[in-house]
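Participant: Just so it is clear, I am handing over input13.json, which has JSON, C-alpha atoms.
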[["chain", "number", "residue", "atom", "x", "y", "z"],
["A", 1298, "MET", "CA", 0.00, 0.00, 0.00],
["A", 1299, "SER", "CA", 1.47, 3.36, -1.02],
["A", 1300, "LYS", "CA", 2.08, 5.97, 1.67],
["A", 1301, "PRO", "CA", -0.21, 9.02, 1.60],
["A", 1302, "ILE", "CA", 1.29, 12.17, 0.08],
["A", 1303, "PRO", "CA", 2.05, 14.74, 2.83],
["A", 1304, "ASP", "CA", -0.41, 17.63, 2.79],
["A", 1305, "ILE", "CA", 2.47, 20.13, 2.78],
["A", 1306, "VAL", "CA", 3.56, 18.66, -0.59],
["A", 1307, "ILE", "CA", 0.04, 18.98, -2.03],
["A", 1308, "GLY", "CA", 0.04, 22.58, -0.77],
["A", 1309, "ARG", "CA", 3.12, 23.43, -2.85],
["A", 1310, "LEU", "CA", 1.79, 21.98, -6.12],
["A", 1311, "PRO", "CA", -0.57, 24.92, -6.86],
["A", 1312, "ILE", "CA", 2.41, 27.26, -6.35],
["A", 1313, "TYR", "CA", 4.41, 25.29, -8.91],
["A", 1314, "LEU", "CA", 1.44, 25.30, -11.29],
["A", 1315, "ARG", "CA", 1.00, 29.06, -10.94],
["A", 1316, "GLU", "CA", 4.69, 29.67, -11.73],
["A", 1317, "LEU", "CA", 4.51, 27.35, -14.73],
["A", 1318, "SER", "CA", 1.59, 29.46, -16.00],
["A", 1319, "PHE", "CA", 3.79, 32.56, -15.73],
["A", 1320, "LEU", "CA", 6.56, 30.77, -17.64],
["A", 1321, "ALA", "CA", 4.09, 29.70, -20.35],
["A", 1322, "ASP", "CA", 2.86, 33.29, -20.65],
["A", 1323, "GLU", "CA", 6.47, 34.41, -21.06],
["A", 1324, "GLY", "CA", 6.90, 31.92, -23.91],
["A", 1325, "VAL", "CA", 9.35, 29.69, -22.00],
["A", 1326, "PRO", "CA", 9.03, 26.10, -23.36],
["A", 1327, "VAL", "CA", 11.33, 24.27, -20.94],
["A", 1328, "THR", "CA", 12.30, 24.87, -17.33],
["A", 1329, "SER", "CA", 14.28, 23.16, -14.59],
["A", 1330, "SER", "CA", 13.92, 22.57, -10.87],
["A", 1331, "HIS", "CA", 16.79, 25.04, -10.42],
["A", 1332, "GLU", "CA", 14.97, 27.78, -12.37],
["A", 1333, "LEU", "CA", 11.64, 27.13, -10.63],
["A", 1334, "GLY", "CA", 13.39, 27.11, -7.26],
["A", 1335, "LYS", "CA", 15.12, 30.42, -7.97],
["A", 1336, "ARG", "CA", 11.81, 32.03, -8.97],
["A", 1337, "LEU", "CA", 9.93, 30.64, -5.96],
["A", 1338, "GLY", "CA", 12.55, 30.71, -3.22],
["A", 1339, "ILE", "CA", 12.31, 26.92, -2.81],
["A", 1340, "SER", "CA", 15.28, 24.59, -3.17],
["A", 1341, "ALA", "CA", 15.60, 22.66, -6.42],
["A", 1342, "ALA", "CA", 16.00, 19.47, -4.37],
["A", 1343, "GLN", "CA", 12.67, 20.10, -2.63],
["A", 1344, "ILE", "CA", 10.89, 20.62, -5.95],
["A", 1345, "ARG", "CA", 12.34, 17.41, -7.37],
["A", 1346, "LYS", "CA", 11.38, 15.51, -4.22],
["A", 1347, "ASP", "CA", 7.82, 16.88, -4.29],
["A", 1348, "LEU", "CA", 7.31, 15.95, -7.94],
["A", 1349, "SER", "CA", 8.85, 12.50, -7.46],
["A", 1350, "HIS", "CA", 5.84, 11.50, -5.33],
["A", 1351, "PHE", "CA", 3.81, 11.47, -8.56],
["A", 1352, "GLY", "CA", 6.22, 10.08, -11.14],
["A", 1353, "GLU", "CA", 8.95, 11.27, -13.47],
["A", 1354, "PHE", "CA", 8.10, 14.46, -15.38],
["A", 1355, "GLY", "CA", 11.47, 15.48, -16.80],
["A", 1356, "LYS", "CA", 14.89, 14.20, -17.77],
["A", 1357, "GLN", "CA", 18.13, 14.97, -16.00],
["A", 1358, "GLY", "CA", 20.01, 17.57, -17.99],
["A", 1359, "THR", "CA", 17.01, 18.60, -20.11],
["A", 1360, "GLY", "CA", 14.52, 19.75, -17.45],
["A", 1361, "TYR", "CA", 10.75, 19.87, -17.66],
["A", 1362, "LYS", "CA", 8.57, 20.70, -20.65],
["A", 1363, "VAL", "CA", 6.43, 23.52, -19.25],
["A", 1364, "SER", "CA", 3.18, 22.59, -21.03],
["A", 1365, "TYR", "CA", 3.49, 18.91, -20.08],
["A", 1366, "LEU", "CA", 4.24, 19.61, -16.42],
["A", 1367, "GLN", "CA", 1.30, 22.06, -16.30],
["A", 1368, "GLU", "CA", -0.97, 19.37, -17.72],
["A", 1369, "GLN", "CA", 0.24, 16.77, -15.22],
["A", 1370, "LEU", "CA", -0.12, 19.07, -12.20],
["A", 1371, "ARG", "CA", -3.63, 20.05, -13.29],
["A", 1372, "ARG", "CA", -4.47, 16.33, -13.48],
["A", 1373, "ILE", "CA", -2.98, 15.64, -10.03],
["A", 1374, "LEU", "CA", -4.84, 18.58, -8.49],
["A", 1375, "LYS", "CA", -8.00, 17.62, -10.44],
["A", 1376, "VAL", "CA", -8.27, 21.07, -12.01],
["A", 1377, "ASP", "CA", -8.07, 19.70, -15.54],
["A", 1378, "HIS", "CA", -11.82, 20.37, -15.55],
["A", 1379, "GLU", "CA", -13.92, 23.18, -14.09],
["A", 1380, "TRP", "CA", -15.40, 22.95, -10.58],
["A", 1381, "PRO", "CA", -18.70, 24.78, -9.94],
["A", 1382, "VAL", "CA", -18.57, 26.78, -6.69],
["A", 1383, "ALA", "CA", -21.26, 28.23, -4.43],
["A", 1384, "LEU", "CA", -20.51, 31.55, -2.70],
["A", 1385, "VAL", "CA", -22.39, 32.22, 0.54],
["A", 1386, "GLY", "CA", -22.25, 35.82, 1.76],
["A", 1387, "VAL", "CA", -22.38, 38.70, -0.70],
["A", 1388, "GLY", "CA", -21.11, 41.62, 1.37],
["A", 1389, "ASP", "CA", -18.08, 43.68, 0.35],
["A", 1390, "LEU", "CA", -15.76, 40.64, 0.36],
["A", 1391, "GLY", "CA", -18.29, 38.37, -1.31],
["A", 1392, "ARG", "CA", -18.88, 40.89, -4.09],
["A", 1393, "ALA", "CA", -15.14, 41.17, -4.67],
["A", 1394, "LEU", "CA", -14.90, 37.37, -4.90],
["A", 1395, "ALA", "CA", -17.87, 37.22, -7.28],
["A", 1396, "HIS", "CA", -16.16, 39.77, -9.56],
["A", 1397, "TYR", "CA", -12.71, 38.13, -9.36],
["A", 1398, "ALA", "CA", -11.75, 36.82, -12.79],
["A", 1399, "GLY", "CA", -8.85, 34.66, -11.59],
["A", 1400, "PHE", "CA", -10.90, 31.61, -10.63],
["A", 1401, "VAL", "CA", -12.06, 30.62, -14.10],
["A", 1402, "ASN", "CA", -8.74, 29.97, -15.80],
["A", 1403, "ARG", "CA", -7.53, 28.00, -12.78],
["A", 1404, "GLY", "CA", -10.29, 25.41, -12.57],
["A", 1405, "PHE", "CA", -13.14, 27.09, -10.67],
["A", 1406, "ARG", "CA", -16.29, 29.04, -11.54],
["A", 1407, "ILE", "CA", -18.69, 30.65, -9.08],
["A", 1408, "VAL", "CA", -22.11, 29.53, -10.32],
["A", 1409, "ALA", "CA", -24.41, 30.42, -7.40],
["A", 1410, "LEU", "CA", -24.63, 33.30, -4.91],
["A", 1411, "PHE", "CA", -26.46, 33.23, -1.57],
["A", 1412, "ASP", "CA", -27.19, 35.73, 1.18],
["A", 1413, "ASP", "CA", -29.58, 36.17, 4.13],
["A", 1414, "ASP", "CA", -30.17, 39.88, 3.57],
["A", 1415, "PRO", "CA", -33.63, 40.41, 1.96],
["A", 1416, "ASN", "CA", -32.34, 43.63, 0.38],
["A", 1417, "LYS", "CA", -29.69, 41.70, -1.56],
["A", 1418, "ILE", "CA", -31.83, 38.76, -2.69],
["A", 1419, "GLY", "CA", -32.73, 39.16, -6.34],
["A", 1420, "GLN", "CA", -29.84, 41.52, -7.09],
["A", 1421, "ARG", "CA", -27.51, 40.48, -9.89],
["A", 1422, "ILE", "CA", -23.73, 40.36, -10.04],
["A", 1423, "GLY", "CA", -22.80, 39.80, -13.65],
["A", 1424, "ASP", "CA", -24.84, 36.84, -14.88],
["A", 1425, "LEU", "CA", -25.67, 35.57, -11.38],
["A", 1426, "GLU", "CA", -28.66, 36.39, -9.24],
["A", 1427, "ILE", "CA", -28.31, 36.40, -5.44],
["A", 1428, "SER", "CA", -30.59, 33.75, -3.90],
["A", 1429, "SER", "CA", -31.77, 33.31, -0.32],
["A", 1430, "THR", "CA", -29.69, 30.87, 1.71],
["A", 1431, "ASP", "CA", -32.98, 28.98, 2.19],
["A", 1432, "ARG", "CA", -32.48, 27.78, -1.40],
["A", 1433, "LEU", "CA", -28.91, 26.59, -0.79],
["A", 1434, "ALA", "CA", -29.70, 22.85, -0.60],
["A", 1435, "ALA", "CA", -31.96, 22.87, -3.66],
["A", 1436, "VAL", "CA", -29.50, 24.79, -5.86],
["A", 1437, "VAL", "CA", -26.42, 22.88, -4.70],
["A", 1438, "GLN", "CA", -28.06, 19.53, -5.38],
["A", 1439, "GLU", "CA", -29.54, 20.66, -8.69],
["A", 1440, "ARG", "CA", -26.19, 22.01, -9.95],
["A", 1441, "GLY", "CA", -24.04, 19.18, -8.52],
["A", 1442, "ILE", "CA", -21.94, 21.62, -6.47],
["A", 1443, "ILE", "CA", -19.60, 20.17, -3.83],
["A", 1444, "VAL", "CA", -17.30, 23.20, -3.26],
["A", 1445, "ALA", "CA", -18.38, 26.35, -1.39],
["A", 1446, "MET", "CA", -16.82, 29.61, -0.29],
["A", 1447, "ILE", "CA", -18.09, 31.21, 2.92],
["A", 1448, "ALA", "CA", -17.72, 34.99, 3.23],
["A", 1449, "VAL", "CA", -20.05, 35.77, 6.12],
["A", 1450, "PRO", "CA", -19.43, 37.26, 9.59],
["A", 1451, "ALA", "CA", -17.86, 34.90, 12.13],
["A", 1452, "ALA", "CA", -21.11, 34.61, 14.14],
["A", 1453, "SER", "CA", -22.97, 33.30, 11.09],
["A", 1454, "ALA", "CA", -20.26, 30.98, 9.76],
["A", 1455, "PRO", "CA", -21.03, 27.83, 11.85],
["A", 1456, "ARG", "CA", -24.72, 27.94, 10.83],
["A", 1457, "VAL", "CA", -23.82, 28.53, 7.18],
["A", 1458, "ALA", "CA", -21.26, 25.71, 7.27],
["A", 1459, "GLU", "CA", -23.89, 23.34, 8.69],
["A", 1460, "ALA", "CA", -26.29, 24.31, 5.89],
["A", 1461, "CYS", "CA", -23.54, 23.70, 3.32],
["A", 1462, "LEU", "CA", -22.76, 20.27, 4.73],
["A", 1463, "ALA", "CA", -26.45, 19.33, 4.87],
["A", 1464, "ALA", "CA", -26.72, 20.32, 1.21],
["A", 1465, "GLY", "CA", -23.87, 17.98, 0.24],
["A", 1466, "ILE", "CA", -20.90, 20.36, 0.14],
["A", 1467, "ARG", "CA", -17.63, 18.48, 0.71],
["A", 1468, "ALA", "CA", -15.04, 21.28, 0.55],
["A", 1469, "ILE", "CA", -15.22, 24.76, 2.08],
["A", 1470, "LEU", "CA", -12.98, 27.78, 1.60],
["A", 1471, "ASN", "CA", -13.72, 29.81, 4.73],
["A", 1472, "TYR", "CA", -13.06, 33.56, 4.80],
["A", 1473, "ALA", "CA", -14.84, 34.02, 8.14],
["A", 1474, "PRO", "CA", -12.40, 34.57, 11.05],
["A", 1475, "ILE", "CA", -13.46, 31.44, 12.94],
["A", 1476, "THR", "CA", -12.51, 27.76, 13.04],
["A", 1477, "LEU", "CA", -15.31, 25.52, 11.82],
["A", 1478, "LYS", "CA", -16.19, 22.14, 13.30],
["A", 1479, "VAL", "CA", -16.83, 19.74, 10.45],
["A", 1480, "PRO", "CA", -17.06, 15.95, 10.24],
["A", 1481, "GLU", "CA", -14.17, 13.82, 9.05],
["A", 1482, "GLY", "CA", -13.94, 13.73, 5.29],
["A", 1483, "VAL", "CA", -14.99, 17.36, 4.80],
["A", 1484, "LEU", "CA", -12.14, 19.60, 3.67],
["A", 1485, "VAL", "CA", -11.81, 23.16, 5.02],
["A", 1486, "GLN", "CA", -9.24, 25.79, 4.13],
["A", 1487, "TYR", "CA", -9.04, 29.12, 5.96],
["A", 1488, "ILE", "CA", -8.21, 32.58, 4.65],
["A", 1489, "ASP", "CA", -7.98, 35.14, 7.47],
["A", 1490, "PRO", "CA", -5.74, 38.11, 6.56],
["A", 1491, "VAL", "CA", -5.50, 39.24, 10.20],
["A", 1492, "THR", "CA", -3.85, 36.00, 11.37],
["A", 1493, "HIS", "CA", -1.28, 36.30, 8.57],
["A", 1494, "LEU", "CA", -0.59, 39.93, 9.48],
["A", 1495, "GLN", "CA", -0.15, 38.96, 13.14],
["A", 1496, "ARG", "CA", 2.26, 36.22, 12.16],
["A", 1497, "MET", "CA", 4.36, 38.78, 10.27],
["A", 1498, "THR", "CA", 4.29, 41.50, 12.91],
["A", 1499, "HIS", "CA", 5.92, 39.13, 15.41],
["A", 1500, "TYR", "CA", 9.09, 39.42, 13.31],
["A", 1501, "LEU", "CA", 9.01, 43.20, 12.78]]
For this file, write the structure as structure tokens.
Facilitator:
Amino acid sequence: MSKPIPDIVIGRLPIYLRELSFLADEGVPVTSSHELGKRLGISAAQIRKDLSHFGEFGKQGTGYKVSYLQEQLRRILKVDHEWPVALVGVGDLGRALAHYAGFVNRGFRIVALFDDDPNKIGQRIGDLEISSTDRLAAVVQERGIIVAMIAVPAASAPRVAEACLAAGIRAILNYAPITLKVPEGVLVQYIDPVTHLQRMTHYL
């Protein structure tokens, strides 16, 4: 039985994929672990070790074909197709996320918007209409959505997370400044700018 891939390794793969996209945009056809490492501030040995968990993607002395390595990393990360995403919470942050164009070309598309505020329900952002969170389960199941982003106040986040889980959501990107309690098998990632700022200010 093969050993599970460490989560820290999986966490670096999107960083490698992003840098490969920059290289492709620059018209660079071939790269090396040394070049990637120099651009990312990661050792070449670490990059080679990370990639070796998934197979051989280049040849010693010739490096990696950028387009091929991009394709393989997309496959490994399962972003070689588009994931529909539900966004719950359409305040200032939620609106910014709904307008953000960077999701689509990286494997994700926000396809449904939800909010509790009666004044927002029925408003449109681009092609999407904001629905009541009461319709979350129906829309999620109808659209086959299993990924959600939560951009609500901390006090509302546990209730919203429960509603997401009841609807069949299996992965949550949480922007609310609170740790969610979820059952085993549900994936949660946290984005809280304040905690990152506090981590930095310790060193200043």
Participant: If you count only C-alpha atoms, which residues fall within 10 Å of Gln1343 of chain A, apart from same-chain ones fewer than 3 positions away, as a list in words?
Facilitator: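 Residues near the query, excluding close chain neighbours: Val1306, Ser1330, Gly1334, Ile1339, Ser1340, Lys1346, Asp1347, Leu1348 and Ser1349 of chain A.
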Participant: Compile the contact shell of Val1457 of chain A as a count of residues only: residues with an atom at most 12 Å away, counting all atoms listed in the file, same-chain residues fewer than 2 positions apart removed.
Facilitator: 36
Participant: In terms of the shortest atom-to-atom distance over all atoms listed in the file, which of A:Leu1390, A:Leu1370, A:Leu1425, A:Leu1410 is closest to Asp1489 of chain A?
Facilitator: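 Once distances to Asp1489 of chain A are computed over all atoms listed in the file, the minimum belongs to A:Leu1390.
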Participant: Name the closest residue to His1350 of chain A among the candidates A:Arg1467, A:Ser1329, A:Asp1304, A:Tyr1487; distances are taken between atoms, counting all atoms listed in the file.
Facilitator: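 Residue with the minimum atom-to-atom distance to His1350 of chain A: A:Asp1304.
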Participant: Skip segment 1366-1369 of chain A itself and residues of its chain fewer than 5 positions away, then list as an NGL selection string all residues within 9 Å of it, counting all atoms listed in the file.
Facilitator: :A and (1313-1315 or 1317-1318 or 1354-1355 or 1361 or 1374 or 1377)
Participant: Just write the chosen residues, C-alpha atoms, as a PDB file, keeping the file's coordinate frame.
Facilitator:
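Final file, out_39.pdb:
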ATOM      1  CA  TYR A1313       4.410  25.290  -8.910  1.00  0.00           C
ATOM      2  CA  LEU A1314       1.440  25.300 -11.290  1.00  0.00           C
ATOM      3  CA  ARG A1315       1.000  29.060 -10.940  1.00  0.00           C
ATOM      4  CA  LEU A1317       4.510  27.350 -14.730  1.00  0.00           C
ATOM      5  CA  SER A1318       1.590  29.460 -16.000  1.00  0.00           C
ATOM      6  CA  PHE A1354       8.100  14.460 -15.380  1.00  0.00           C
ATOM      7  CA  GLY A1355      11.470  15.480 -16.800  1.00  0.00           C
ATOM      8  CA  TYR A1361      10.750  19.870 -17.660  1.00  0.00           C
ATOM      9  CA  LEU A1374      -4.840  18.580  -8.490  1.00  0.00           C
ATOM     10  CA  ASP A1377      -8.070  19.700 -15.540  1.00  0.00           C
TER      11      ASP A1377
END
Participant: Calculated over all atoms listed in the file, which of the candidates A:His1396, A:Arg1371, A:Arg1432, A:Arg1496 has the smallest distance to Pro1311 of chain A?
Facilitator: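 For Pro1311 of chain A, the nearest of the given residues is A:Arg1371.
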Participant: Taking (16.4, 28.7, -12.2) in the file's own coordinates, collect the residues within 12 Å, counting only C-alpha atoms, and hand them back as a PyMOL selection string.
Facilitator: chain A and resi 1316+1320+1327-1341+1344+1360-1361
Participant: State, in Å with one decimal place, the distance from atom CA of Thr1476 of chain A to atom CA of Pro1381 of chain A.
Facilitator: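 Computing it gives 24.0 Å between the two atoms.
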Participant: Counting all atoms listed in the file, figure out which residue out of A:Val1444, A:Val1387, A:Phe1405, A:Ile1373 gets nearest to Lys1417 of chain A.
Facilitator: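 Once distances to Lys1417 of chain A are computed over all atoms listed in the file, the minimum belongs to A:Val1387.
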Participant: A:Val1491, A:Val1401, A:Ala1321, A:Leu1394: which is nearest Tyr1365 of chain A, counting only C-alpha atoms?
Facilitator: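 Of A:Val1491, A:Val1401, A:Ala1321, A:Leu1394, the one nearest Tyr1365 of chain A is A:Ala1321, counting only C-alpha atoms.
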Participant: Which one of A:Arg1456, A:Lys1362, A:Arg1406, A:Lys1300 sits closest to Val1382 of chain A if you count all atoms listed in the file?
Facilitator: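 Closest to Val1382 of chain A of all the choices is A:Arg1406.
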Participant: Do you have the atom CA of Ser1428 of chain A-atom CA of Arg1440 of chain A distance handy?
Facilitator: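 Computing the Euclidean distance for atom CA of Ser1428 of chain A and atom CA of Arg1440 of chain A yields 13.9 Å.
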Participant: Quick one: distance from atom CA of Val1408 of chain A to atom CA of Gln1486 of chain A in Å, one decimal?
Facilitator: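 Interatomic distance, atom CA of Val1408 of chain A to atom CA of Gln1486 of chain A: 19.7 Å.
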Participant: Starting from the incomplete input, reconstruct N, CA and C atoms of segment 1428-1441 of chain A and write that as a tab-separated table (two decimals), in the frame of the given file.
Facilitator:
chain	number	residue	atom	x	y	z
A	1428	SER	N	-29.46	34.51	-4.43
A	1428	SER	CA	-30.59	33.75	-3.90
A	1428	SER	C	-30.57	33.75	-2.38
A	1429	SER	N	-31.71	33.49	-1.77
A	1429	SER	CA	-31.77	33.31	-0.32
A	1429	SER	C	-31.03	32.05	0.07
A	1430	THR	N	-30.38	32.08	1.23
A	1430	THR	CA	-29.69	30.87	1.71
A	1430	THR	C	-30.67	29.73	1.96
A	1431	ASP	N	-31.96	30.04	2.05
A	1431	ASP	CA	-32.98	28.98	2.19
A	1431	ASP	C	-32.98	28.07	0.97
A	1432	ARG	N	-32.49	28.58	-0.16
A	1432	ARG	CA	-32.48	27.78	-1.40
A	1432	ARG	C	-31.16	27.06	-1.62
A	1433	LEU	N	-30.26	27.16	-0.64
A	1433	LEU	CA	-28.91	26.59	-0.79
A	1433	LEU	C	-28.96	25.11	-1.15
A	1434	ALA	N	-29.68	24.31	-0.37
A	1434	ALA	CA	-29.70	22.85	-0.60
A	1434	ALA	C	-30.24	22.52	-1.99
A	1435	ALA	N	-31.34	23.18	-2.37
A	1435	ALA	CA	-31.96	22.87	-3.66
A	1435	ALA	C	-31.02	23.19	-4.82
A	1436	VAL	N	-30.37	24.37	-4.76
A	1436	VAL	CA	-29.50	24.79	-5.86
A	1436	VAL	C	-28.24	23.93	-5.92
A	1437	VAL	N	-27.65	23.68	-4.76
A	1437	VAL	CA	-26.42	22.88	-4.70
A	1437	VAL	C	-26.66	21.49	-5.27
A	1438	GLN	N	-27.77	20.87	-4.89
A	1438	GLN	CA	-28.06	19.53	-5.38
A	1438	GLN	C	-28.42	19.54	-6.87
A	1439	GLU	N	-29.15	20.56	-7.29
A	1439	GLU	CA	-29.54	20.66	-8.69
A	1439	GLU	C	-28.33	20.88	-9.59
A	1440	ARG	N	-27.36	21.68	-9.13
A	1440	ARG	CA	-26.19	22.01	-9.95
A	1440	ARG	C	-25.01	21.05	-9.73
A	1441	GLY	N	-25.14	20.12	-8.79
A	1441	GLY	CA	-24.04	19.18	-8.52
A	1441	GLY	C	-22.83	19.86	-7.92
